[in-house]
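Enquirer: Pasting data.txt below, which is compact mmCIF, C-alpha atoms.
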```
# COMPACT_ATOMS: atom_id res chain seq x y z
CA MET A 1 0.00 0.00 0.00
CA SER A 2 2.99 2.30 0.45
CA ALA A 3 4.14 1.73 -3.15
CA MET A 4 2.49 5.00 -4.24
CA PHE A 5 5.02 6.82 -2.08
CA LEU A 6 8.12 4.61 -2.02
CA ILE A 7 8.39 3.79 -5.73
CA PRO A 8 8.13 7.40 -7.03
CA MET A 9 10.57 8.49 -4.30
CA LEU A 10 13.16 5.96 -5.48
CA GLU A 11 12.51 6.84 -9.12
CA PHE A 12 12.92 10.57 -8.47
CA LYS A 13 16.03 9.91 -6.38
CA SER A 14 17.59 8.13 -9.35
CA ALA A 15 16.72 11.04 -11.67
CA THR A 16 18.57 13.82 -9.83
CA ASP A 17 19.64 15.09 -6.43
CA TYR A 18 16.86 16.57 -4.26
CA ALA A 19 17.34 18.58 -1.10
CA ILE A 20 15.48 16.13 1.12
CA LEU A 21 18.12 13.48 0.36
CA ARG A 22 21.08 15.70 1.29
CA PRO A 23 21.96 15.44 5.01
CA GLU A 24 23.99 18.68 5.05
CA ILE A 25 20.98 20.63 3.77
CA MET A 26 18.29 18.90 5.83
CA LYS A 27 20.51 18.59 8.93
CA THR A 28 19.87 14.86 9.05
CA ASN A 29 23.31 13.64 10.03
CA SER A 30 24.26 12.25 13.42
CA GLU A 31 26.17 15.39 14.39
CA ASP A 32 23.16 17.69 13.87
CA VAL A 33 20.54 15.30 15.23
CA SER A 34 22.52 14.78 18.44
CA THR A 35 22.18 18.50 19.23
CA LYS A 36 18.38 18.51 18.88
CA GLY A 37 17.46 16.20 21.73
CA ILE A 38 15.63 17.57 24.77
CA GLU A 39 16.30 17.57 28.51
CA MET A 40 14.35 15.13 30.70
CA TRP A 41 12.82 17.97 32.70
CA GLN A 42 11.18 19.32 29.52
CA PHE A 43 8.61 16.55 29.81
CA LEU A 44 7.34 18.45 32.87
CA LYS A 45 8.03 22.12 32.07
CA ASP A 46 8.56 24.15 28.90
CA LYS A 47 11.64 26.24 28.32
CA GLY A 48 9.35 29.14 27.56
CA GLU A 49 10.62 30.22 24.14
CA GLU A 50 8.21 32.34 22.17
CA ASN A 51 6.34 30.13 19.70
CA GLY A 52 8.42 27.19 20.91
CA VAL A 53 7.53 23.51 20.78
CA SER A 54 6.03 21.97 23.91
CA PHE A 55 7.19 18.53 25.01
CA VAL A 56 5.22 18.49 28.27
CA VAL A 57 3.50 15.14 28.72
CA GLY A 58 1.49 16.33 31.73
CA ILE A 59 1.16 15.25 35.34
CA PRO A 60 -2.07 13.23 34.68
CA PHE A 61 -0.26 11.14 32.06
CA ILE A 62 2.70 10.45 34.34
CA THR A 63 0.36 9.65 37.25
CA MET A 64 -1.56 7.12 35.16
CA LEU A 65 1.72 5.48 34.16
CA LEU A 66 2.91 5.21 37.77
CA ILE A 67 -0.36 3.51 38.75
CA GLY A 68 1.10 0.50 36.94
CA ILE A 69 3.29 -0.15 39.99
CA LEU A 70 0.13 -0.76 42.03
CA VAL A 71 -1.88 -2.78 39.53
CA TYR A 72 0.71 -4.86 37.64
CA ASN A 73 -0.07 -8.03 39.59
CA LYS A 74 -3.79 -7.59 38.87
CA ILE A 75 -3.38 -7.59 35.08
CA ASP A 76 -4.76 -10.67 33.30
CA GLU A 77 -2.00 -13.00 32.09
CA LYS A 78 -3.26 -12.88 28.49
CA TYR A 79 -2.65 -9.11 28.39
CA LYS A 80 0.70 -9.02 30.18
CA ASP A 81 2.85 -9.57 27.08
CA PHE A 82 1.13 -6.67 25.35
CA TYR A 83 1.44 -4.53 28.50
CA ILE A 84 5.15 -5.22 29.01
CA THR A 85 5.98 -4.75 25.32
CA SER A 86 4.13 -1.42 25.22
CA VAL A 87 5.90 -0.15 28.34
CA ILE A 88 9.34 -1.12 27.03
CA LEU A 89 8.82 0.37 23.55
CA GLY A 90 7.25 3.51 25.07
CA LEU A 91 10.14 4.10 27.47
CA ILE A 92 12.70 3.48 24.72
CA SER A 93 10.91 6.08 22.57
CA VAL A 94 10.96 8.57 25.45
CA PHE A 95 14.67 7.95 26.01
CA MET A 96 15.39 8.46 22.29
CA CYS A 97 13.81 11.92 22.50
CA THR A 98 16.47 13.11 24.92
CA ILE A 99 20.03 14.38 24.68
CA TYR A 100 21.19 11.31 26.61
CA PHE A 101 20.52 8.92 23.73
CA PRO A 102 23.72 8.33 21.69
CA TRP A 103 22.46 9.87 18.45
CA ARG A 104 26.03 10.91 17.61
CA PHE A 105 26.89 7.24 17.00
CA MET A 106 23.73 6.25 15.15
CA PRO A 107 23.77 5.25 11.44
CA ASP A 108 22.61 7.86 8.93
CA PHE A 109 19.32 6.16 8.08
CA MET A 110 18.14 6.65 11.69
CA CYS A 111 19.08 10.33 11.58
CA THR A 112 16.56 10.97 8.80
CA LEU A 113 14.25 11.57 11.77
CA GLN A 114 15.89 15.04 11.97
CA TYR A 115 14.38 15.91 15.38
CA PRO A 116 14.63 13.24 18.12
CA TRP A 117 11.59 14.64 19.94
CA ARG A 118 9.39 13.45 17.08
CA LEU A 119 9.59 10.04 18.74
CA LEU A 120 7.36 11.45 21.47
CA GLY A 121 4.48 10.62 19.14
CA LEU A 122 5.51 6.96 19.18
CA ALA A 123 5.89 7.10 22.96
CA TYR A 124 2.26 8.23 23.27
CA PHE A 125 1.20 5.52 20.83
CA PHE A 126 2.73 2.83 23.03
CA LEU A 127 1.98 4.27 26.48
CA VAL A 128 -1.61 5.52 26.15
CA PRO A 129 -3.02 1.94 26.18
CA VAL A 130 -0.86 1.28 29.26
CA CYS A 131 -2.42 4.29 31.02
CA ALA A 132 -5.91 3.08 30.13
CA MET A 133 -5.19 -0.43 31.45
CA ASN A 134 -3.71 0.98 34.67
CA VAL A 135 -6.83 3.03 35.38
CA TYR A 136 -9.10 0.11 34.46
CA TYR A 137 -7.41 -2.37 36.79
CA LEU A 138 -7.18 0.22 39.57
CA LEU A 139 -10.97 0.63 39.49
CA LYS A 140 -11.79 -3.00 38.75
CA GLY A 141 -12.43 -3.69 42.42
CA ILE A 142 -15.22 -1.11 42.54
CA ASN A 143 -18.54 -2.88 42.09
CA LYS A 144 -20.76 0.17 41.60
CA ASN A 145 -20.81 1.15 37.93
CA TRP A 146 -22.02 4.69 38.60
CA LEU A 147 -18.95 5.30 40.78
CA LYS A 148 -16.64 3.96 38.07
CA ARG A 149 -18.21 6.23 35.49
CA LEU A 150 -17.89 9.21 37.83
CA ILE A 151 -14.18 8.53 38.37
CA TYR A 152 -13.61 8.09 34.63
CA ALA A 153 -15.36 11.42 33.99
CA ILE A 154 -13.20 13.13 36.65
CA VAL A 155 -10.00 11.69 35.09
CA ILE A 156 -11.00 12.93 31.63
CA ALA A 157 -11.91 16.35 33.03
CA ILE A 158 -8.51 16.66 34.76
CA ILE A 159 -6.70 15.73 31.52
CA CYS A 160 -8.73 18.36 29.61
CA VAL A 161 -7.98 21.06 32.19
CA PHE A 162 -4.24 20.39 32.08
CA THR A 163 -4.31 20.35 28.27
CA ILE A 164 -6.13 23.70 28.06
CA MET A 165 -3.75 25.24 30.59
CA GLU A 166 -0.79 24.09 28.51
CA LEU A 167 -2.26 25.26 25.20
CA ASN A 168 -3.03 28.72 26.59
CA GLN A 169 0.70 29.33 26.85
CA TYR A 170 0.93 29.24 23.07
CA PRO A 171 -1.65 31.69 21.68
CA VAL A 172 -1.98 31.75 17.90
CA ASP A 173 -2.97 34.93 16.09
CA ASP A 174 -6.10 34.59 13.99
CA THR A 175 -5.06 35.57 10.46
CA SER A 176 -8.27 34.33 8.81
CA GLN A 177 -9.71 37.85 8.78
CA ASP A 178 -6.42 39.63 8.06
CA LYS A 179 -6.95 40.94 4.52
CA GLU A 180 -3.51 42.53 4.32
CA TYR A 181 -1.83 39.23 5.24
CA GLU A 182 -3.92 37.36 2.66
CA ASP A 183 -3.11 39.89 -0.07
CA SER A 184 0.60 39.65 0.68
CA ILE A 185 0.48 35.90 0.08
CA TYR A 186 -1.33 36.25 -3.24
CA ALA A 187 1.02 39.04 -4.30
CA ASN A 188 4.09 36.87 -3.77
CA PRO A 189 4.36 34.58 -6.82
CA GLN A 190 7.34 32.67 -5.48
CA ILE A 191 8.37 30.85 -2.33
CA HIS A 192 11.65 31.77 -0.74
CA TYR A 193 14.21 29.07 -1.47
CA TYR A 194 15.13 28.86 2.22
CA SER A 195 11.58 28.26 3.40
CA ILE A 196 10.29 24.91 4.65
CA ASN A 197 9.13 24.03 1.12
CA ARG A 198 12.75 23.62 0.04
CA ASP A 199 12.71 19.95 1.07
CA ASN A 200 11.64 18.63 -2.33
CA MET A 201 13.52 21.09 -4.51
CA PRO A 202 16.34 19.94 -6.79
CA VAL A 203 19.65 20.69 -5.11
CA LYS A 204 20.82 22.72 -8.09
CA ALA A 205 17.84 25.04 -7.70
CA LEU A 206 18.24 25.39 -3.96
CA TYR A 207 21.83 24.96 -2.93
CA GLU A 208 24.26 25.60 -5.75
CA GLN A 209 22.42 28.48 -7.42
CA GLY A 210 21.53 30.40 -4.26
CA GLY A 211 18.96 33.06 -5.10
CA TYR A 212 18.37 32.07 -8.72
CA CYS A 213 14.88 30.76 -7.96
CA LEU A 214 13.99 33.89 -6.08
CA ASP A 215 15.06 36.24 -8.86
CA ARG A 216 13.95 34.16 -11.85
CA GLU A 217 10.85 35.33 -13.68
CA ASP A 218 8.08 32.82 -14.37
CA ASN A 219 8.76 32.44 -18.09
CA VAL A 220 10.90 30.64 -20.67
CA VAL A 221 14.61 31.46 -20.74
CA VAL A 222 16.64 30.96 -23.93
CA THR A 223 20.04 29.78 -22.70
CA GLN A 224 21.61 28.94 -26.07
CA GLY A 225 20.73 29.49 -29.73
CA ASN A 226 18.03 31.65 -31.31
CA VAL A 227 14.24 31.54 -31.17
CA ASP A 228 11.47 34.14 -30.96
CA ILE A 229 8.98 33.60 -28.12
CA ILE A 230 5.68 34.95 -29.43
CA SER A 231 3.47 34.10 -26.44
CA GLU A 232 3.44 32.05 -23.24
CA THR A 233 0.44 30.69 -21.36
CA LYS A 234 1.11 28.90 -18.06
CA GLU A 235 -1.45 27.47 -15.65
CA ALA A 236 -0.37 25.08 -12.91
CA PHE A 237 1.51 22.24 -14.67
CA HIS A 238 0.26 23.11 -18.16
CA MET A 239 2.08 25.53 -20.44
CA GLU A 240 1.79 26.50 -24.09
CA ILE A 241 4.59 28.42 -25.85
CA GLU A 242 4.24 29.81 -29.37
CA ILE A 243 7.59 30.21 -31.11
CA GLU A 244 8.94 31.43 -34.46
CA ASN A 245 12.29 31.29 -36.23
CA GLY A 246 13.63 28.62 -33.91
CA GLU A 247 17.00 27.17 -34.83
CA LYS A 248 17.79 23.50 -34.36
CA ASP A 249 19.62 22.71 -31.09
CA THR A 250 18.39 25.90 -29.42
CA ILE A 251 18.22 25.28 -25.66
CA LEU A 252 15.26 26.53 -23.59
CA GLU A 253 14.82 26.50 -19.83
CA LEU A 254 11.15 26.13 -18.90
CA PRO A 255 9.72 27.64 -15.67
CA PHE A 256 9.24 24.24 -14.03
CA LEU A 257 11.49 22.69 -11.42
CA PHE A 258 12.96 19.43 -12.64
CA TYR A 259 10.88 16.35 -11.83
CA PRO A 260 10.30 13.19 -13.87
CA GLY A 261 6.82 12.83 -15.34
CA TYR A 262 6.44 15.81 -17.70
CA ARG A 263 5.35 15.32 -21.31
CA ILE A 264 6.57 17.98 -23.75
CA ILE A 265 5.22 18.09 -27.31
CA LEU A 266 6.51 20.20 -30.21
CA GLU A 267 3.90 21.02 -32.87
CA ASN A 268 5.64 21.98 -36.11
CA ASP A 269 4.63 21.69 -39.77
CA GLY A 270 1.45 19.81 -38.90
CA LYS A 271 3.21 17.08 -36.94
CA GLN A 272 3.83 16.44 -33.24
CA THR A 273 7.17 15.43 -31.81
CA GLU A 274 7.77 14.48 -28.19
CA ILE A 275 10.81 16.25 -26.77
CA GLU A 276 13.04 14.67 -24.15
CA TYR A 277 14.10 16.95 -21.33
CA VAL A 278 16.96 17.13 -18.86
CA GLU A 279 17.78 19.12 -15.74
CA SER A 280 19.33 22.52 -16.38
CA GLU A 281 22.30 23.79 -14.37
CA ASN A 282 19.75 25.75 -12.34
CA GLY A 283 17.54 22.78 -11.43
CA PHE A 284 14.78 23.52 -13.98
CA ILE A 285 13.48 21.62 -17.00
CA GLN A 286 15.65 22.11 -20.05
CA ILE A 287 14.76 21.15 -23.61
CA THR A 288 16.55 21.30 -26.95
CA LEU A 289 14.72 22.02 -30.20
CA PRO A 290 15.16 18.88 -32.34
CA GLU A 291 14.65 20.76 -35.62
CA ASN A 292 14.25 24.18 -37.17
CA VAL A 293 10.87 25.66 -36.35
CA GLN A 294 9.43 28.40 -38.56
CA ASN A 295 6.17 28.66 -36.72
CA GLY A 296 5.26 26.18 -33.99
CA LYS A 297 4.09 25.52 -30.47
CA ILE A 298 5.54 23.75 -27.44
CA ILE A 299 2.99 22.17 -25.07
CA THR A 300 4.04 21.00 -21.60
CA ASP A 301 1.95 18.89 -19.20
CA TYR A 302 2.69 16.88 -16.09
CA THR A 303 1.29 13.41 -16.72
CA ALA A 304 3.36 11.38 -14.19
CA THR A 305 5.74 8.58 -15.13
CA ILE A 306 4.64 5.08 -16.09
CA LEU A 307 6.29 3.75 -12.94
CA GLU A 308 4.43 6.29 -10.79
CA LYS A 309 1.08 5.32 -12.31
CA ALA A 310 1.90 1.65 -11.78
CA ALA A 311 2.76 2.40 -8.14
CA TYR A 312 -0.66 3.98 -7.57
CA ALA A 313 -2.29 0.94 -9.17
CA VAL A 314 -0.30 -1.40 -6.91
CA SER A 315 -1.33 0.61 -3.84
CA GLY A 316 -4.96 0.57 -4.95
CA VAL A 317 -4.92 -3.20 -5.42
CA GLY A 318 -3.09 -3.58 -2.10
CA LEU A 319 -5.75 -1.57 -0.30
CA ILE A 320 -8.56 -3.64 -1.82
CA LEU A 321 -6.80 -6.91 -0.90
CA PHE A 322 -6.20 -5.65 2.62
CA CYS A 323 -9.90 -4.81 3.05
CA ILE A 324 -10.85 -8.29 1.76
CA TYR A 325 -8.34 -9.84 4.16
CA VAL A 326 -9.79 -7.91 7.11
CA VAL A 327 -13.34 -8.99 6.25
CA PHE A 328 -12.38 -12.68 5.94
CA TYR A 329 -10.14 -12.53 9.00
CA ARG A 330 -12.95 -11.10 11.10
CA LYS A 331 -15.30 -13.82 9.83
CA LYS A 332 -12.70 -16.43 10.76
CA VAL A 333 -12.25 -14.95 14.22
CA LYS A 334 -16.03 -14.80 14.70
CA LYS A 335 -16.32 -18.47 13.66
CA VAL A 336 -13.60 -19.49 16.15
CA GLU A 337 -15.25 -17.43 18.90
CA ASP A 338 -18.61 -19.07 18.16
CA GLU A 339 -17.02 -22.52 18.33
CA ILE A 340 -15.30 -21.67 21.62
CA GLU A 341 -18.59 -20.34 22.99
CA LYS A 342 -20.36 -23.52 21.83
CA ILE A 343 -17.72 -25.66 23.57
CA ASP A 344 -17.99 -23.55 26.72
CA ASN A 345 -21.78 -23.88 26.74
CA THR A 346 -21.51 -27.65 26.24
CA ALA A 347 -18.99 -27.86 29.08
CA LYS A 348 -21.26 -25.79 31.34
CA ASN A 349 -24.26 -27.97 30.48
CA ASN A 350 -22.26 -31.11 31.21
CA LEU A 351 -21.08 -29.59 34.49
CA ASN A 352 -24.66 -28.70 35.44
CA GLU A 353 -25.76 -32.25 34.60
CA ASP A 354 -22.94 -33.64 36.74
CA GLU A 355 -23.97 -31.41 39.61
CA SER A 356 -27.58 -32.50 39.23
CA ASN A 357 -26.52 -36.13 39.18
CA LYS A 358 -24.44 -35.64 42.32
CA GLU A 359 -27.34 -33.98 44.12
CA GLU A 360 -29.64 -36.85 43.06
CA ILE A 361 -27.14 -39.45 44.31
CA ASN A 362 -26.76 -37.58 47.60
CA GLU A 363 -30.52 -37.45 48.04
CA ASN A 364 -30.81 -41.15 47.33
```
Here is a file; write its structure as C-alpha cells.

Expert:
Amino acid sequence: MSAMFLIPMLEFKSATDYAILRPEIMKTNSEDVSTKGIEMWQFLKDKGEENGVSFVVGIPFITMLLIGILVYNKIDEKYKDFYITSVILGLISVFMCTIYFPWRFMPDFMCTLQYPWRLLGLAYFFLVPVCAMNVYYLLKGINKNWLKRLIYAIVIAIICVFTIMELNQYPVDDTSQDKEYEDSIYANPQIHYYSINRDNMPVKALYEQGGYCLDREDNVVVTQGNVDIISETKEAFHMEIEIENGEKDTILELPFLFYPGYRIILENDGKQTEIEYVESENGFIQITLPENVQNGKIITDYTATILEKAAYAVSGVGLILFCIYVVFYRKKVKKVEDEIEKIDNTAKNNLNEDESNKEEINEN
C-alpha cells in the first residue's frame, strides 16, 4: 500500500539530487541530530521560548503510568505480554527523544528523523493503552458502575484542564480575517528558497544556485541558440509556448522545477514530436529544439511517469486486498469465537448435569 510513495521516491532519487536526500541541507546527520534532543525535565516544564515547541506530557499522564506499579499483579495474564511490550517500547521512545541517547553514533538512516523529539508521538502511541489499562485495573475492584463512570469522567476532566492550561501558553494569532496578510500571500508569486518548502527542490535550484529561484521570472529562458517567443500561457503544470524562427539545437529552460513525469510536445509543420528533457544547471526543466521551427508551439503537461502510475495501481490493489483480508479474517475470528462459545456452553451444560446427578445421588 505504500508503493504509491516509495516507488516514485526511489525513481525521483535516481533522476537527480533533491534537497530532502542531502543530510547537510536537511541537517539529518548524526552530528546535527545529536544537538536537537531535549532535557528530561522538559517533559514536565517548557523552556518558555516564544512560539516554541512543547514537550510536556502532563502530570495526569505520568500519574496514570505510575499507577502500573500498584496494579501490575492484577493484570490478566493474556494481556501481560502486550502490556510489558508497550511499556518497554514507550520508554525506549521517550529515552530516544532526549540528549542522553547516543544519536552521535547512530547510522545515517536513523538520523533521517531530523528531530529526536518526534519520537514522542511513538511514545504516546505505546503508552496511552498502558495508562488506560492501569486506570481500568485500579478501578476494577469497585462494584458500583455509577462510581466507576464518575471517576472516569473526573479523570477525563482533569486531563482536559491540564491540556487547556498548557495550550493557553501558546496563543496563535487569527489571520483568517487579516486581509492585508492574505493579499501579501497572493502578491508573492514565489516561495523563498530557504523556506520549509525547500525539502523537495532539486539541489541545483536550492543549494548551488543560491537566489536564482527567487530572482527568476516565471517564463521561458533561452540559454543557447536563437528563437522568438511569441506568447506564453502557463497554468499550474500546463504551459503553451508559441515560437517562431527557432534554430535547431536551441536550448530553452522552462519555468518548471525538474521532476520526472512531464510530457513535452513540439507542434511543427502539422506534426507532433515528443521532446526529451533534462535538468538545467539551475535545477529547472531544459529542452533542446530537435529541428528548425518556422512557426510552432511547445505544449508541456505533467502526466506522471509510467512507474508512478503503476505504483498507484499497486497501492490501490493492495488496499482492496487488505480490506478483503480484514473482512475474511474477522469472519474467521467470529467463527472461532462461536465454536469456543459452543464448547464452553456444552462444558457448562455437562457440568450442570454432573452437579444434578451428584445432588440426586446424595438425596438417594

Enquirer: Please return, as a ChimeraX atom specification, all polymer residues that have at least one atom within 12 Å of the point (9.9, 17.4, -15.2); use all atoms listed in the file and the file's own coordinate frame.

Expert: /A:12,15-16,201-202,237-238,253-264,275-280,283-287,300-305

Enquirer: One decimal, in Å: what's the spacing between CA of Thr85 (chain A) and CA of Pro107 (chain A)?

Expert: 24.7 Å

Enquirer: Taking only C-alpha atoms into account, name the residue in A:Lys80, A:Gly68, A:Gly246, A:Glu182 that is nearest to Gln224 (chain A).

Expert: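 Residue with the minimum atom-to-atom distance to Gln224 (chain A): A:Gly246.
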
Enquirer: Go through A:Gln114, A:Asn292, A:Asn134, A:Gln42 and flag the residue nearest Tyr79 (chain A), using all atoms listed in the file for the distances.

Expert: A:Asn134

Enquirer: Compare A:Leu65, A:Ile343, A:Arg149, A:Tyr115 by their minimum atom-to-atom distance to Val130 (chain A), counting only C-alpha atoms, and give me the closest one.

Expert: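 Closest to Val130 (chain A), using only C-alpha atoms: A:Leu65.
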